[in-house]
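One file, protein.txt, is given below (compact mmCIF, C-alpha atoms (C1' of nucleotides)).
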# COMPACT_ATOMS: atom_id res chain seq x y z
CA MET A 303 -1.76 -37.82 59.18
CA PRO A 304 -0.31 -35.68 61.93
CA GLY A 305 -1.38 -32.06 61.78
CA SER A 306 1.48 -29.65 62.30
CA ASP A 307 1.93 -27.81 65.58
CA LEU A 308 -0.52 -25.26 66.88
CA TYR A 309 0.42 -21.61 66.73
CA THR A 310 0.98 -20.79 70.36
CA GLY A 311 -1.95 -18.84 71.72
CA THR A 312 -4.72 -20.40 69.67
CA LEU A 313 -5.47 -23.25 72.04
CA ASP A 314 -7.44 -21.21 74.56
CA LEU A 315 -9.64 -19.89 71.78
CA LEU A 316 -10.35 -23.39 70.51
CA ILE A 317 -11.17 -24.69 73.97
CA LEU A 318 -13.46 -21.78 74.78
CA LYS A 319 -15.24 -22.29 71.48
CA ALA A 320 -15.54 -26.02 72.13
CA VAL A 321 -17.54 -25.45 75.30
CA SER A 322 -19.49 -22.47 73.98
CA TRP A 323 -22.70 -24.43 73.35
CA GLY A 324 -22.60 -26.50 76.53
CA PRO A 325 -20.44 -28.29 79.10
CA SER A 326 -17.89 -30.78 77.87
CA HIS A 327 -14.91 -32.69 79.20
CA GLY A 328 -11.26 -32.66 78.17
CA TYR A 329 -11.18 -35.80 76.13
CA ALA A 330 -14.28 -34.79 74.17
CA ILE A 331 -12.92 -31.29 73.61
CA ALA A 332 -9.73 -32.68 72.14
CA ARG A 333 -11.69 -35.03 69.91
CA TRP A 334 -13.95 -32.24 68.73
CA ILE A 335 -11.00 -30.04 67.78
CA ARG A 336 -9.36 -32.89 65.91
CA GLU A 337 -12.53 -33.86 64.10
CA THR A 338 -13.85 -30.43 63.12
CA THR A 339 -10.46 -29.60 61.65
CA SER A 340 -9.96 -32.95 59.89
CA ASP A 341 -6.84 -33.70 61.93
CA VAL A 342 -5.22 -30.40 61.02
CA LEU A 343 -5.30 -29.29 64.66
CA VAL A 344 -4.43 -32.00 67.13
CA VAL A 345 -4.21 -31.10 70.81
CA GLN A 346 -1.75 -33.08 72.88
CA GLU A 347 -2.64 -34.13 76.43
CA GLY A 348 0.34 -32.24 77.75
CA ALA A 349 -1.13 -29.07 76.32
CA LEU A 350 -4.82 -29.76 76.85
CA TYR A 351 -5.07 -30.50 80.54
CA PRO A 352 -2.78 -27.74 81.75
CA ALA A 353 -4.73 -25.35 79.52
CA LEU A 354 -8.04 -26.43 81.06
CA HIS A 355 -6.66 -25.96 84.57
CA ARG A 356 -5.31 -22.58 83.56
CA LEU A 357 -8.66 -21.44 82.19
CA GLU A 358 -10.38 -22.68 85.29
CA ARG A 359 -7.94 -20.81 87.53
CA LYS A 360 -8.59 -17.67 85.52
CA GLY A 361 -12.32 -18.05 86.12
CA LEU A 362 -13.16 -18.57 82.46
CA LEU A 363 -14.31 -22.14 82.94
CA SER A 364 -15.93 -23.90 85.89
CA GLU A 365 -15.44 -27.59 86.47
CA GLU A 366 -17.67 -30.34 87.77
CA TRP A 367 -17.42 -34.13 87.86
CA ARG A 368 -20.21 -35.84 85.99
CA GLU A 369 -20.95 -39.04 84.25
CA SER A 370 -20.05 -38.99 80.57
CA GLU A 371 -22.05 -40.47 77.69
CA THR A 372 -20.10 -43.68 78.10
CA GLY A 373 -21.04 -43.97 81.76
CA ARG A 374 -17.68 -42.94 83.18
CA GLN A 375 -16.65 -40.14 85.45
CA ALA A 376 -15.32 -37.13 83.60
CA LYS A 377 -14.59 -33.56 84.53
CA TYR A 378 -17.04 -31.33 82.72
CA TYR A 379 -16.11 -27.75 81.96
CA THR A 380 -18.66 -24.98 81.62
CA LEU A 381 -18.09 -21.55 80.16
CA THR A 382 -18.53 -18.84 82.80
CA PRO A 383 -19.87 -15.38 81.90
CA ARG A 384 -16.31 -14.06 81.99
CA GLY A 385 -15.30 -16.96 79.80
CA ARG A 386 -17.93 -16.02 77.24
CA THR A 387 -16.63 -12.48 77.18
CA GLN A 388 -13.11 -13.78 76.77
CA LEU A 389 -14.22 -15.96 73.89
CA ARG A 390 -15.51 -12.88 72.09
CA VAL A 391 -12.25 -11.05 72.80
CA GLU A 392 -10.03 -13.87 71.62
CA ARG A 393 -12.16 -14.51 68.59
CA LYS A 394 -11.92 -10.89 67.58
CA ARG A 395 -8.19 -10.92 68.14
CA TRP A 396 -7.82 -14.03 66.02
CA GLU A 397 -9.88 -12.61 63.18
CA GLU A 398 -8.07 -9.30 63.20
CA HIS A 399 -4.74 -11.04 63.38
CA SER A 400 -5.42 -13.56 60.64
CA ARG A 401 -6.77 -10.86 58.35
CA ALA A 402 -3.57 -8.91 58.95
CA VAL A 403 -1.37 -11.88 58.09
CA ALA A 404 -3.49 -12.54 55.00
CA ARG A 405 -2.97 -8.95 53.92
CA ALA A 406 0.79 -9.24 54.40
CA LEU A 407 0.90 -12.48 52.44
CA ALA A 408 -1.20 -10.99 49.66
CA SER A 409 0.95 -7.90 49.24
CA ALA A 410 2.93 -7.58 46.05
CA MET Y 5 -2.95 1.96 68.96
CA PRO Y 6 -0.91 -1.01 70.06
CA GLY Y 7 -1.63 -4.18 68.13
CA SER Y 8 -2.00 -7.22 70.34
CA ASP Y 9 0.73 -9.81 70.60
CA LEU Y 10 1.79 -12.00 67.72
CA TYR Y 11 0.77 -15.62 67.73
CA THR Y 12 4.01 -17.42 68.39
CA GLY Y 13 5.34 -18.92 65.20
CA THR Y 14 4.05 -16.34 62.74
CA LEU Y 15 7.06 -14.06 62.91
CA ASP Y 16 9.33 -16.15 60.69
CA LEU Y 17 6.65 -16.27 58.02
CA LEU Y 18 6.24 -12.50 58.09
CA ILE Y 19 9.98 -11.90 57.89
CA LEU Y 20 10.46 -14.35 55.03
CA LYS Y 21 7.60 -12.71 53.18
CA ALA Y 22 9.04 -9.26 53.83
CA VAL Y 23 12.28 -10.10 52.02
CA SER Y 24 10.63 -12.20 49.32
CA TRP Y 25 10.86 -9.51 46.64
CA GLY Y 26 14.34 -8.30 47.49
CA PRO Y 27 16.91 -7.66 50.23
CA SER Y 28 15.90 -5.55 53.19
CA HIS Y 29 17.22 -4.68 56.64
CA GLY Y 30 15.71 -5.27 60.07
CA TYR Y 31 14.37 -1.84 60.74
CA ALA Y 32 12.69 -1.70 57.33
CA ILE Y 33 11.24 -5.17 57.75
CA ALA Y 34 9.67 -4.20 61.07
CA ARG Y 35 8.26 -1.03 59.55
CA TRP Y 36 6.85 -2.92 56.58
CA ILE Y 37 5.07 -5.41 58.84
CA ARG Y 38 3.63 -2.63 60.96
CA GLU Y 39 2.52 -0.60 57.97
CA THR Y 40 1.03 -3.33 55.80
CA THR Y 41 -1.04 -4.51 58.74
CA SER Y 42 -2.11 -1.04 59.88
CA ASP Y 43 -0.40 -1.48 63.24
CA VAL Y 44 -2.18 -4.74 63.94
CA LEU Y 45 1.12 -6.63 63.89
CA VAL Y 46 3.96 -4.83 65.61
CA VAL Y 47 7.30 -6.58 65.90
CA GLN Y 48 9.41 -5.74 68.94
CA GLU Y 49 13.19 -5.36 68.62
CA GLY Y 50 13.68 -8.12 71.15
CA ALA Y 51 11.83 -10.47 68.84
CA LEU Y 52 12.97 -9.12 65.48
CA TYR Y 53 16.76 -9.20 65.72
CA PRO Y 54 17.06 -12.60 67.36
CA ALA Y 55 14.65 -13.94 64.71
CA LEU Y 56 16.80 -12.54 61.91
CA HIS Y 57 19.93 -14.09 63.41
CA ARG Y 58 18.08 -17.37 63.81
CA LEU Y 59 16.95 -17.41 60.20
CA GLU Y 60 20.45 -16.58 59.06
CA ARG Y 61 21.92 -19.40 61.15
CA LYS Y 62 19.39 -21.77 59.60
CA GLY Y 63 20.53 -20.74 56.15
CA LEU Y 64 17.20 -19.23 55.16
CA LEU Y 65 18.57 -15.70 54.96
CA SER Y 66 21.98 -14.36 54.05
CA GLU Y 67 23.25 -11.08 55.45
CA GLU Y 68 25.37 -8.30 54.06
CA TRP Y 69 26.22 -4.79 55.22
CA ARG Y 70 25.13 -2.11 52.79
CA GLU Y 71 24.19 1.50 52.72
CA SER Y 72 20.49 2.09 53.29
CA GLU Y 73 18.27 4.59 51.47
CA THR Y 74 19.06 7.12 54.17
CA GLY Y 75 22.82 6.75 53.65
CA ARG Y 76 23.53 4.71 56.76
CA GLN Y 77 25.02 1.31 57.25
CA ALA Y 78 22.44 -1.41 57.66
CA LYS Y 79 22.50 -5.18 57.57
CA TYR Y 80 20.61 -6.34 54.51
CA TYR Y 81 19.01 -9.75 54.50
CA THR Y 82 18.43 -11.75 51.34
CA LEU Y 83 16.23 -14.80 50.93
CA THR Y 84 18.29 -17.88 50.07
CA PRO Y 85 16.87 -20.66 47.86
CA ARG Y 86 16.21 -22.72 50.99
CA GLY Y 87 14.55 -19.67 52.51
CA ARG Y 88 12.24 -19.41 49.54
CA THR Y 89 11.26 -23.03 49.93
CA GLN Y 90 10.69 -22.48 53.62
CA LEU Y 91 8.47 -19.49 52.84
CA ARG Y 92 6.27 -21.73 50.70
CA VAL Y 93 6.13 -24.33 53.46
CA GLU Y 94 5.28 -21.86 56.20
CA ARG Y 95 2.76 -20.09 54.06
CA LYS Y 96 0.99 -23.34 53.33
CA ARG Y 97 1.04 -24.24 57.00
CA TRP Y 98 -0.42 -20.88 57.92
CA GLU Y 99 -3.18 -21.11 55.35
CA GLU Y 100 -4.13 -24.63 56.31
CA HIS Y 101 -4.03 -23.72 59.97
CA SER Y 102 -6.05 -20.55 59.68
CA ARG Y 103 -8.67 -22.27 57.53
CA ALA Y 104 -8.94 -24.95 60.23
CA VAL Y 105 -9.44 -22.38 62.98
CA ALA Y 106 -11.99 -20.57 60.83
CA ARG Y 107 -13.89 -23.83 60.40
CA ALA Y 108 -13.86 -24.45 64.14
CA LEU Y 109 -15.10 -20.94 64.85
CA ALA Y 110 -17.82 -21.24 62.22
CA SER Y 111 -19.18 -24.53 63.57
CA ALA Y 112 -22.58 -24.48 65.18
C1' DC K 1383 -7.35 -62.39 79.10
C1' DC K 1384 -5.68 -58.77 76.75
C1' DC K 1385 -5.99 -54.86 74.20
C1' DC K 1386 -8.22 -50.66 72.75
C1' DA K 1387 -10.86 -46.58 73.58
C1' DT K 1388 -12.03 -43.58 77.11
C1' DA K 1389 -10.40 -40.27 80.55
C1' DT K 1390 -7.10 -37.41 83.33
C1' DG K 1391 -2.84 -36.10 84.74
C1' DT K 1392 2.38 -34.74 85.41
C1' DG K 1393 7.47 -33.43 84.66
C1' DG K 1394 10.92 -31.79 81.70
C1' DC K 1395 12.06 -29.29 77.87
C1' DG K 1396 12.80 -26.04 73.99
C1' DA K 1397 11.23 -22.26 71.52
C1' DT K 1398 9.33 -17.95 71.09
C1' DG K 1399 8.09 -13.34 71.75
C1' DC K 1400 7.84 -9.37 75.26
C1' DC K 1401 9.94 -5.83 78.13
C1' DA K 1402 13.49 -2.94 79.23
C1' DC K 1403 17.42 -1.24 78.10
C1' DA K 1404 21.89 0.14 75.63
C1' DT K 1405 24.29 2.10 71.73
C1' DA K 1406 25.35 4.99 67.57
C1' DT K 1407 24.31 8.20 63.79
C1' DT K 1408 21.88 11.67 61.19
C1' DG K 1409 18.86 15.53 60.46
C1' DG K 1410 15.90 19.07 61.89
C1' DT K 1411 14.21 22.66 65.08
C1' DG K 1412 14.27 26.03 68.77
C1' DC D 982 24.54 25.03 70.17
C1' DA D 983 21.46 21.94 72.41
C1' DC D 984 18.16 18.81 71.98
C1' DC D 985 15.15 15.50 70.23
C1' DA D 986 13.15 12.35 66.86
C1' DA D 987 13.98 8.92 63.54
C1' DT D 988 16.98 5.47 61.86
C1' DA D 989 19.44 1.20 62.91
C1' DT D 990 21.10 -2.84 65.65
C1' DG D 991 21.65 -5.34 69.59
C1' DT D 992 21.29 -7.89 74.37
C1' DG D 993 19.60 -10.10 78.92
C1' DG D 994 15.95 -11.67 81.65
C1' DC D 995 11.61 -13.49 81.77
C1' DA D 996 7.04 -15.81 81.33
C1' DT D 997 4.29 -18.60 78.66
C1' DC D 998 3.13 -22.09 75.89
C1' DG D 999 2.80 -26.34 73.59
C1' DC D 1000 5.34 -30.89 72.76
C1' DC D 1001 7.08 -35.32 74.22
C1' DA D 1002 7.04 -39.05 77.10
C1' DC D 1003 5.05 -41.17 80.43
C1' DA D 1004 1.78 -42.79 84.26
C1' DT D 1005 -2.72 -44.13 85.86
C1' DA D 1006 -7.44 -46.07 85.79
C1' DT D 1007 -11.66 -48.32 83.83
C1' DG D 1008 -14.97 -50.46 80.81
C1' DG D 1009 -16.12 -53.24 76.82
C1' DG D 1010 -15.24 -56.42 72.92
C1' DG D 1011 -12.82 -60.20 70.64
Output the file's structure in the form of structure tokens.
Amino acid sequence: MPGSDLYTGTLDLLILKAVSWGPSHGYAIARWIRETTSDVLVVQEGALYPALHRLERKGLLSEEWRESETGRQAKYYTLTPRGRTQLRVERKRWEEHSRAVARALASA
Amino acid sequence: MPGSDLYTGTLDLLILKAVSWGPSHGYAIARWIRETTSDVLVVQEGALYPALHRLERKGLLSEEWRESETGRQAKYYTLTPRGRTQLRVERKRWEEHSRAVARALASA
DNA sequence: CCCCATATGTGGCGATGCCACATATTGGTG
DNA sequence: CACCAATATGTGGCATCGCCACATATGGGG
């Protein structure tokens, strides 16, 4: 059951949301996205890790090596204050945008 | 009041929808998208015309020069049967996708 | 012992939409 | 007349993004 491709631009929003209640690592973030969307949204590694690095470079996430629940080393990402602001911005943009598309699709 | 950028991949859906009730030309399609979304979605020429050509090459739209409402020559695009099928497919994909994002954003 | 799940990463690639610009015509206004 | 706005289509260059395919490493269970 492969979900279709992501609409380009939504990945950052999903990642920021994924870490909004506490630090998490890449693999867990990808799993969370896949599970909360019932496999509709599936993030590929080749998209996930570059996106995390990008968000870190932008100062929206901070990274730190920790031990995961399974006892392994994993790179944990934490939402920075700027990241939290960005989450609000992107969320608003998504909601405005999706409402607009819905309106267009609903028009006679 | 510039609307923010489109999420990549939504343009085809909007165009197909725009011509779903009858032939229209590029300029009118762009205006319709802008107007029905209250300037939230604004399609640039550099995105619009290549997209129309693309859809025509794919056999989803057919083109024909006609006289527009203002008495000028304009290239009218008509939805082909395959285009209509594609509209249903893309619409379904959009709805499934946006519901999935909404679920992710709503999660605790 | 081997495979699977966990965990991170890269290189190459195609597609898409943006920006900036070019062109042509028509109609209205100063 | 001169000019500008709206109508109408188009291109080239560009950056970004996500996909595919692959590589690497480790820990646990059968």
Check the smallest atom-to-atom distance from each of A:Thr372, A:Ser364, A:Gln388, A:Ser409 to A:Leu316 using all atoms listed in the file, then report the winner.
->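 Under the stated criterion, the closest residue is A:Gln388.
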For K:DT1390: contacts at 12 Å, only C-alpha atoms (C1' of nucleotides), fewer than 5 positions along chain excluded, given as a ChimeraX atom specification | /A:327-330,347-348,350-352,354-355,367,374-378 /D:1004-1007
Atoms to include: C-alpha atoms (C1' of nucleotides). Write the selected residues as a PDB file, in the coordinates of the input.
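Now in result-v8.pdb:
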ATOM      1  CA  HIS A 327     -14.910 -32.690  79.200  1.00  0.00           C
ATOM      2  CA  GLY A 328     -11.260 -32.660  78.170  1.00  0.00           C
ATOM      3  CA  TYR A 329     -11.180 -35.800  76.130  1.00  0.00           C
ATOM      4  CA  ALA A 330     -14.280 -34.790  74.170  1.00  0.00           C
ATOM      5  CA  GLU A 347      -2.640 -34.130  76.430  1.00  0.00           C
ATOM      6  CA  GLY A 348       0.340 -32.240  77.750  1.00  0.00           C
ATOM      7  CA  LEU A 350      -4.820 -29.760  76.850  1.00  0.00           C
ATOM      8  CA  TYR A 351      -5.070 -30.500  80.540  1.00  0.00           C
ATOM      9  CA  PRO A 352      -2.780 -27.740  81.750  1.00  0.00           C
ATOM     10  CA  LEU A 354      -8.040 -26.430  81.060  1.00  0.00           C
ATOM     11  CA  HIS A 355      -6.660 -25.960  84.570  1.00  0.00           C
ATOM     12  CA  TRP A 367     -17.420 -34.130  87.860  1.00  0.00           C
ATOM     13  CA  ARG A 374     -17.680 -42.940  83.180  1.00  0.00           C
ATOM     14  CA  GLN A 375     -16.650 -40.140  85.450  1.00  0.00           C
ATOM     15  CA  ALA A 376     -15.320 -37.130  83.600  1.00  0.00           C
ATOM     16  CA  LYS A 377     -14.590 -33.560  84.530  1.00  0.00           C
ATOM     17  CA  TYR A 378     -17.040 -31.330  82.720  1.00  0.00           C
TER      18      TYR A 378
ATOM     19  C1'  DA D1004       1.780 -42.790  84.260  1.00  0.00           C
ATOM     20  C1'  DT D1005      -2.720 -44.130  85.860  1.00  0.00           C
ATOM     21  C1'  DA D1006      -7.440 -46.070  85.790  1.00  0.00           C
ATOM     22  C1'  DT D1007     -11.660 -48.320  83.830  1.00  0.00           C
TER      23       DT D1007
END
Counting all atoms listed in the file, the residue among A:Gly373, A:Ile335, A:Leu362, A:Glu392 that lies closest to chain K is A:Gly373
Please, which residues of chain D lie no more than 8 Å from chain A when the count uses only C-alpha atoms (C1' of nucleotides), and can they be set out as a ChimeraX atom specification?
-> /D:998-1000
Point-to-point distance from atom CA of A:Leu363 to atom CA of Y:Leu45, Å rounded to tenths | 29.0 Å
Closest-contact table, chain A side, partner chain Y, 10 Å, counting only C-alpha atoms, as CSV:
residue,atom,partner,partner_atom,distance
A:Gly305,CA,Y:His101,CA,8.9
A:Ser306,CA,Y:Arg97,CA,7.6
A:Asp307,CA,Y:His101,CA,9.1
A:Leu308,CA,Y:His101,CA,7.9
A:Tyr309,CA,Y:Thr12,CA,5.8
A:Thr310,CA,Y:Thr12,CA,4.9
A:Gly311,CA,Y:Tyr11,CA,5.8
A:Thr312,CA,Y:Tyr11,CA,7.5
A:Leu313,CA,Y:Val105,CA,9.9
A:Leu315,CA,Y:Leu109,CA,8.9
A:Leu316,CA,Y:Ala108,CA,7.3
A:Lys319,CA,Y:Leu109,CA,6.8
A:Ala320,CA,Y:Ala108,CA,8.3
A:Ser322,CA,Y:Ala112,CA,9.5
A:Trp323,CA,Y:Ala112,CA,8.2
A:Trp334,CA,Y:Ala108,CA,9.0
A:Ile335,CA,Y:Ala108,CA,7.3
A:Arg336,CA,Y:Ala108,CA,9.7
A:Glu337,CA,Y:Ala108,CA,9.5
A:Thr338,CA,Y:Ala108,CA,6.1
A:Thr339,CA,Y:Ala104,CA,5.1
A:Ser340,CA,Y:Ala104,CA,8.1
A:Asp341,CA,Y:Ala104,CA,9.2
A:Val342,CA,Y:Ala104,CA,6.6
A:Leu343,CA,Y:Ala104,CA,7.2
A:Arg393,CA,Y:Leu109,CA,8.0
A:Arg395,CA,Y:Ser8,CA,7.5
A:Trp396,CA,Y:Tyr11,CA,8.9
A:Glu397,CA,Y:Ala106,CA,8.6
A:Glu398,CA,Y:Val44,CA,7.5
A:His399,CA,Y:Val44,CA,6.8
A:Ser400,CA,Y:Ser102,CA,7.1
A:Arg401,CA,Y:Thr41,CA,8.6
A:Ala402,CA,Y:Thr41,CA,5.1
A:Val403,CA,Y:Thr41,CA,7.4
A:Ala404,CA,Y:Glu99,CA,8.6
A:Arg405,CA,Y:Thr41,CA,6.8
A:Ala406,CA,Y:Thr40,CA,6.1
A:Leu407,CA,Y:Lys21,CA,6.7
A:Ala408,CA,Y:Lys21,CA,9.6
A:Ser409,CA,Y:Thr40,CA,8.0
A:Ala410,CA,Y:Trp25,CA,8.2
Check the smallest atom-to-atom distance from each of A:Leu318, A:Leu357, A:Lys394, A:Glu369 to chain K using all atoms listed in the file, then report the winner.
->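 Of all the options, A:Glu369 lies closest to chain K.
Note that the spacing between atom CA of Y:Arg35 and atom C1' of D:DC995 amounts to 25.7 Å.
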Which one is closest to chain K: A:Ile317, A:Glu358, A:Pro325, A:Glu371? Count all atoms listed in the file.
-> A:Glu371
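One distance worth recording is that between atom CA of Y:Val46 and atom CA of Y:Gly26, which is 21.2 Å.
For chain K, the residues having at least one atom no farther than 12 Å from chain A, when counting all atoms listed in the file, are K:DA1387, K:DT1388, K:DA1389, K:DT1390, K:DG1391, K:DT1392, K:DG1393, K:DG1394, K:DA1397, K:DT1398, K:DG1399.
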Spatial neighbours of stretch 1405-1412 of chain K, max dist 9 Å, all atoms listed in the file, sep filter under 3 positions, as a list in words |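 Listed by chain and then number, they are Thr74 and Arg76 of chain Y; DC984, DC985, DA986, DA987, DT988, DA989, DT990 and DG991 of chain D.
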If you keep C-alpha atoms (C1' of nucleotides), can you produce a file of those selected residues as a short mmCIF file (atom, residue, chain, number, x, y, z; two decimals), in the coordinates of the input?
data_model
loop_
_atom_site.label_atom_id
_atom_site.label_comp_id
_atom_site.auth_asym_id
_atom_site.auth_seq_id
_atom_site.Cartn_x
_atom_site.Cartn_y
_atom_site.Cartn_z
CA THR Y 74 19.06 7.12 54.17
CA ARG Y 76 23.53 4.71 56.76
"C1'" DC D 984 18.16 18.81 71.98
"C1'" DC D 985 15.15 15.50 70.23
"C1'" DA D 986 13.15 12.35 66.86
"C1'" DA D 987 13.98 8.92 63.54
"C1'" DT D 988 16.98 5.47 61.86
"C1'" DA D 989 19.44 1.20 62.91
"C1'" DT D 990 21.10 -2.84 65.65
"C1'" DG D 991 21.65 -5.34 69.59
#
Excluding K:DC1384 and any residue of its chain fewer than 3 positions from it, enumerate the residues within 12 Å of it, using all atoms listed in the file, and give them as a list of chain:residue names.
-> D:DG1009, D:DG1010, D:DG1011
